[in-house]
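The structure file protein.txt is reproduced below (compact mmCIF, C-alpha atoms).
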# COMPACT_ATOMS: atom_id res chain seq x y z
CA MET A 1 0.00 0.00 0.00
CA TYR A 2 0.99 3.60 -0.53
CA MET A 3 0.27 7.08 0.79
CA THR A 4 0.29 10.25 -1.26
CA PHE A 5 0.85 13.68 0.20
CA ARG A 6 0.25 17.09 -1.33
CA GLU A 7 1.53 19.98 0.75
CA MET A 8 0.84 23.59 -0.16
CA GLN A 9 1.21 26.98 1.43
CA ALA A 10 -1.87 29.17 1.78
CA ASP A 11 -1.83 32.92 1.23
CA THR A 12 -2.13 34.30 4.77
CA ALA A 13 -4.62 36.95 3.67
CA HIS A 14 -6.91 34.29 2.16
CA MET A 15 -6.48 31.43 4.64
CA THR A 16 -10.21 30.94 5.17
CA ASP A 17 -10.87 30.72 1.44
CA ALA A 18 -7.94 28.35 0.95
CA LEU A 19 -9.25 26.01 3.64
CA ALA A 20 -12.77 26.11 2.18
CA VAL A 21 -11.50 25.17 -1.28
CA THR A 22 -9.27 22.44 0.17
CA THR A 23 -12.16 20.77 1.99
CA TRP A 24 -14.35 21.05 -1.12
CA VAL A 25 -11.64 19.38 -3.19
CA ARG A 26 -11.18 16.68 -0.53
CA ASP A 27 -14.89 15.89 -0.52
CA ARG A 28 -15.02 15.87 -4.32
CA LEU A 29 -12.07 13.48 -4.52
CA ASN A 30 -13.64 11.14 -1.97
CA THR A 31 -17.19 11.10 -3.34
CA GLU A 32 -16.46 11.18 -7.08
CA HIS A 33 -13.10 9.46 -7.37
CA GLY A 34 -13.06 6.80 -4.66
CA GLY A 35 -10.36 8.48 -2.64
CA ASN A 36 -9.68 8.30 1.06
CA PHE A 37 -8.38 11.84 1.38
CA ALA A 38 -7.88 13.79 4.58
CA ALA A 39 -7.16 17.50 4.70
CA SER A 40 -5.13 18.98 7.54
CA ILE A 41 -3.25 22.07 8.63
CA ASN A 42 0.10 22.26 10.35
CA ILE A 43 0.15 23.44 13.94
CA GLY A 44 3.19 24.25 15.99
CA GLY A 45 5.13 24.91 12.80
CA ASN A 46 4.21 26.80 9.66
CA PRO A 47 0.52 27.70 10.20
CA THR A 48 -0.06 28.29 6.48
CA LEU A 49 0.81 24.70 5.48
CA ILE A 50 -2.09 22.58 4.24
CA SER A 51 -1.89 18.88 3.40
CA LEU A 52 -4.06 16.51 1.36
CA THR A 53 -3.29 12.86 2.09
CA SER A 54 -4.73 9.57 0.89
CA ALA A 55 -3.91 5.87 1.03
CA TRP A 56 -3.91 3.65 -2.08
CA ALA A 57 -3.82 -0.11 -2.47
CA SER A 58 -1.36 0.22 -5.36
CA LEU A 59 0.33 2.81 -7.54
CA GLY A 60 -1.90 1.54 -10.33
CA ASP A 61 -4.97 2.67 -8.39
CA TYR A 62 -3.31 6.04 -7.85
CA GLU A 63 -2.58 6.30 -11.57
CA LYS A 64 -6.22 5.61 -12.46
CA ALA A 65 -7.43 8.19 -9.95
CA ARG A 66 -5.04 10.80 -11.35
CA ALA A 67 -6.43 10.24 -14.85
CA ALA A 68 -10.02 10.55 -13.63
CA ILE A 69 -9.19 13.68 -11.64
CA ALA A 70 -7.56 15.30 -14.66
CA ALA A 71 -10.76 14.64 -16.65
CA ASP A 72 -13.06 16.10 -13.97
CA GLU A 73 -13.90 19.47 -15.53
CA GLU A 74 -15.70 20.87 -12.48
CA LEU A 75 -12.81 19.98 -10.19
CA GLN A 76 -10.21 21.39 -12.56
CA SER A 77 -12.23 24.59 -12.94
CA VAL A 78 -12.30 25.13 -9.18
CA VAL A 79 -8.56 24.46 -8.97
CA ARG A 80 -7.85 27.00 -11.71
CA VAL A 81 -10.05 29.70 -10.16
CA SER A 82 -8.49 29.21 -6.73
CA SER A 83 -4.89 28.91 -7.89
CA GLY A 84 -3.98 32.26 -6.30
CA LEU A 85 -4.94 31.04 -2.84
CA VAL A 86 -2.03 28.62 -2.44
CA SER A 87 1.55 28.29 -3.64
CA ASN A 88 4.61 26.06 -3.34
CA MET A 89 2.67 22.86 -4.05
CA GLN A 90 4.68 19.69 -3.58
CA ASP A 91 3.65 16.06 -3.98
CA SER A 92 5.28 13.02 -2.45
CA ILE A 93 4.62 9.28 -2.35
CA ALA A 94 5.49 6.87 0.45
CA GLN A 95 5.14 3.13 0.83
CA ILE A 96 3.16 1.96 3.85
CA VAL A 97 5.29 -0.53 5.77
CA LYS A 98 2.81 -0.65 8.66
CA ALA A 99 -0.57 1.05 8.42
CA PRO A 100 -1.47 3.58 11.14
CA GLY A 101 -4.65 3.31 13.16
CA ASP A 102 -7.91 5.09 12.40
CA ARG A 103 -7.67 8.80 11.77
CA GLY A 104 -8.19 11.09 14.71
CA ALA A 105 -8.51 14.83 15.15
CA TYR A 106 -4.72 15.21 15.12
CA ALA A 107 -1.82 13.41 13.50
CA GLY A 108 1.64 13.28 15.02
CA VAL A 109 4.35 12.68 12.42
CA ASN A 110 7.96 11.90 13.32
CA THR A 111 10.37 11.83 10.38
CA ALA A 112 14.02 10.80 10.22
CA LEU A 113 16.66 10.05 7.61
CA MET A 114 17.96 6.49 7.54
CA ASN A 115 21.55 5.62 6.78
CA MET A 116 21.21 4.13 3.30
CA SER A 117 23.70 1.40 4.15
CA SER A 118 21.37 0.24 6.94
CA VAL A 119 17.90 0.68 5.43
CA VAL A 120 16.70 -2.86 6.16
CA GLU A 121 17.86 -2.65 9.76
CA ALA A 122 16.41 0.85 10.16
CA ILE A 123 12.97 -0.24 8.92
CA THR A 124 13.05 -3.25 11.23
CA PHE A 125 13.96 -0.91 14.09
CA ALA A 126 11.15 1.50 13.13
CA LEU A 127 8.63 -1.34 13.29
CA GLU A 128 9.95 -2.36 16.69
CA VAL A 129 9.47 1.19 17.97
CA ALA A 130 5.93 1.29 16.56
CA ASP A 131 5.05 -2.02 18.20
CA PHE A 132 6.48 -0.82 21.52
CA ILE A 133 4.37 2.35 21.45
CA GLU A 134 1.24 0.38 20.60
CA ALA A 135 1.87 -1.97 23.51
CA LYS A 136 2.58 0.99 25.80
CA ASN A 137 -0.44 3.19 25.12
CA GLY A 138 -2.66 1.29 22.68
CA ASN A 139 -2.08 3.73 19.83
CA SER A 140 -1.42 1.97 16.52
CA ILE A 141 1.55 3.76 14.94
CA GLY A 142 2.16 3.56 11.21
CA VAL A 143 5.53 3.35 9.48
CA VAL A 144 6.09 4.68 5.96
CA SER A 145 9.17 5.03 3.77
CA ALA A 146 9.71 7.47 0.92
CA VAL A 147 9.19 6.43 -2.69
CA THR A 148 9.77 9.92 -4.09
CA GLY A 149 12.05 12.67 -2.84
CA ASN A 150 14.80 11.70 -0.42
CA ARG A 151 14.66 7.89 -0.34
CA ALA A 152 16.33 7.87 3.08
CA ARG A 153 13.29 9.55 4.61
CA MET A 154 10.90 7.51 6.75
CA ALA A 155 8.17 8.42 9.19
CA TRP A 156 6.15 7.19 12.11
CA ILE A 157 2.51 8.36 11.97
CA GLY A 158 0.04 8.28 14.85
CA PHE A 159 -3.41 9.75 15.36
CA PHE A 160 -4.84 11.34 18.49
CA PRO A 161 -8.31 12.52 19.54
CA SER A 162 -6.90 15.67 21.15
CA LEU A 163 -3.70 17.56 21.89
CA ASP A 164 -4.22 16.63 25.52
CA GLN A 165 -3.98 12.94 24.63
CA PHE A 166 -0.98 13.64 22.42
CA GLU A 167 0.73 15.29 25.41
CA LYS A 168 -0.12 12.44 27.79
CA ASP A 169 1.13 9.77 25.38
CA THR A 170 4.32 11.69 24.66
CA GLN A 171 5.10 12.26 28.33
CA ALA A 172 4.45 8.61 29.14
CA LEU A 173 6.96 7.55 26.48
CA GLU A 174 9.61 10.11 27.35
CA THR A 175 9.67 8.96 30.98
CA ASP A 176 9.88 5.28 30.06
CA PRO A 177 13.48 3.95 30.32
CA ASP A 178 12.82 1.20 27.78
CA TYR A 179 11.61 3.76 25.24
CA LEU A 180 14.62 5.99 25.83
CA GLU A 181 16.88 3.05 25.06
CA PHE A 182 15.66 3.18 21.46
CA PHE A 183 17.45 6.51 20.99
CA LYS A 184 20.76 4.94 22.00
CA ARG A 185 20.22 2.03 19.63
CA SER A 186 19.34 4.29 16.70
CA ASN A 187 22.74 5.97 16.41
CA GLU A 188 24.10 3.75 13.64
CA LEU A 189 20.81 3.41 11.78
CA PHE A 190 19.81 7.05 11.28
CA VAL A 191 21.56 10.25 10.26
CA PRO A 192 22.21 12.23 13.47
CA SER A 193 19.91 15.15 14.33
CA THR A 194 17.41 14.44 11.55
CA LEU A 195 14.49 13.39 13.79
CA GLU A 196 11.71 15.96 13.38
CA GLN A 197 8.18 16.05 14.73
CA SER A 198 5.14 17.79 13.29
CA ILE A 199 1.49 17.95 14.32
CA TRP A 200 -1.39 18.19 11.85
CA GLN A 201 -4.99 19.06 12.69
CA MET A 202 -7.62 17.39 10.54
CA LEU A 203 -10.08 19.72 8.83
CA PRO A 204 -13.77 18.90 9.37
As structure tokens, how would this structure be written, given the file I've shared?
Amino acid sequence: MYMTFREMQADTAHMTDALAVTTWVRDRLNTEHGGNFAASINIGGNPTLISLTSAWASLGDYEKARAAIAADEELQSVVRVSSGLVSNMQDSIAQIVKAPGDRGAYAGVNTALMNMSSVVEAITFALEVADFIEAKNGNSIGVVSAVTGNRARMAWIGFFPSLDQFEKDTQALETDPDYLEFFKRSNELFVPSTLEQSIWQMLP
């Protein structure tokens, strides 16, 4: 399985309009083109970043959806009219190594760069971390690895019903000695200082 991501930056002066168009496009993609898209905004980072994300059983399914979307005249018309609302669009594709749990109100995404000489070991390690977190707090954490862009990039993805729950889960992990041991073990598997965390709020 695969995940596709489209990130774009909204014009600050037209943020409300950009979000309205994004949710309309999301709903159109899901109802007319069999997508499973979620729209979200970045919090705690760049507040103008918007993301459209969907999972696909295969790249073939993604290819078919892209062709249908390109032929959707109403959708393409809305995109053209609203083109001034967002900029710096960027698409990426990742392979789902382990699927995350059901979507919640917030997504916590931790990304890191693997040492390319240790990719197999790094992915195995990432799955071990995900399984540990699930056993610790019951949250099913997904693991994805990049297909496009920097191939060394991988991510852990988890969903949360609230920022309060995100905080509680994070604090529980960061005070767990067994969890902290993972950081020591990761030294030879990942490029130092590349672990980054972002939080995304799902749009209704």
Against region 108-132 of chain A, which residues of region 161-194 of chain A fall within 8 Å? For each one I want the closest pair of atoms and the distance in Å (one decimal), counting only C-alpha atoms, rows by chain and increasing residue number, as CSV.
residue,atom,partner,partner_atom,distance
A:Phe166,CA,A:Gly108,CA,7.9
A:Tyr179,CA,A:Phe132,CA,7.8
A:Phe182,CA,A:Val129,CA,7.4
A:Ser186,CA,A:Phe125,CA,7.9
A:Glu188,CA,A:Asn115,CA,7.6
A:Leu189,CA,A:Ala122,CA,5.3
A:Phe190,CA,A:Met114,CA,4.2
A:Val191,CA,A:Leu113,CA,5.6
A:Thr194,CA,A:Ala112,CA,5.1
- prompt: Looking at all atoms listed in the file, which of A:Ala155, A:Leu75, A:Ile69, A:Ala172 is the one that sits closest to Glu196 (chain A)?
  reply: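 Going through A:Ala155, A:Leu75, A:Ile69, A:Ala172 one by one, the smallest distance to Glu196 (chain A) is for A:Ala155.
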- request: Take CA of Ser51 (chain A) and CA of Glu7 (chain A) and report the distance between them in Å, one decimal.
  value: 4.5 Å
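Minimum atom-to-atom distances from A:Gln95, A:Phe183, A:Gln165, A:Ser87 to Leu195 (chain A) were compared using all atoms listed in the file, and the lowest value belongs to A:Phe183.
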field: Selected residue, from A:Gly142, A:Gly84, A:Gly158, A:Pro47, that lies nearest to Gly104 (chain A) when counting all atoms listed in the file
entry: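 Smallest distance to Gly104 (chain A) is found for A:Gly158.
The interatomic distance for the pair CA of Val79 (chain A) and CA of Tyr62 (chain A) works out to 19.2 Å.
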- request: May I have the residues within 10 Å of Phe160 (chain A) as a ChimeraX atom specification, using all atoms listed in the file and disregarding those fewer than 2 positions away in the same chain?
  value: /A:101-108,139,158,162-167,169,201
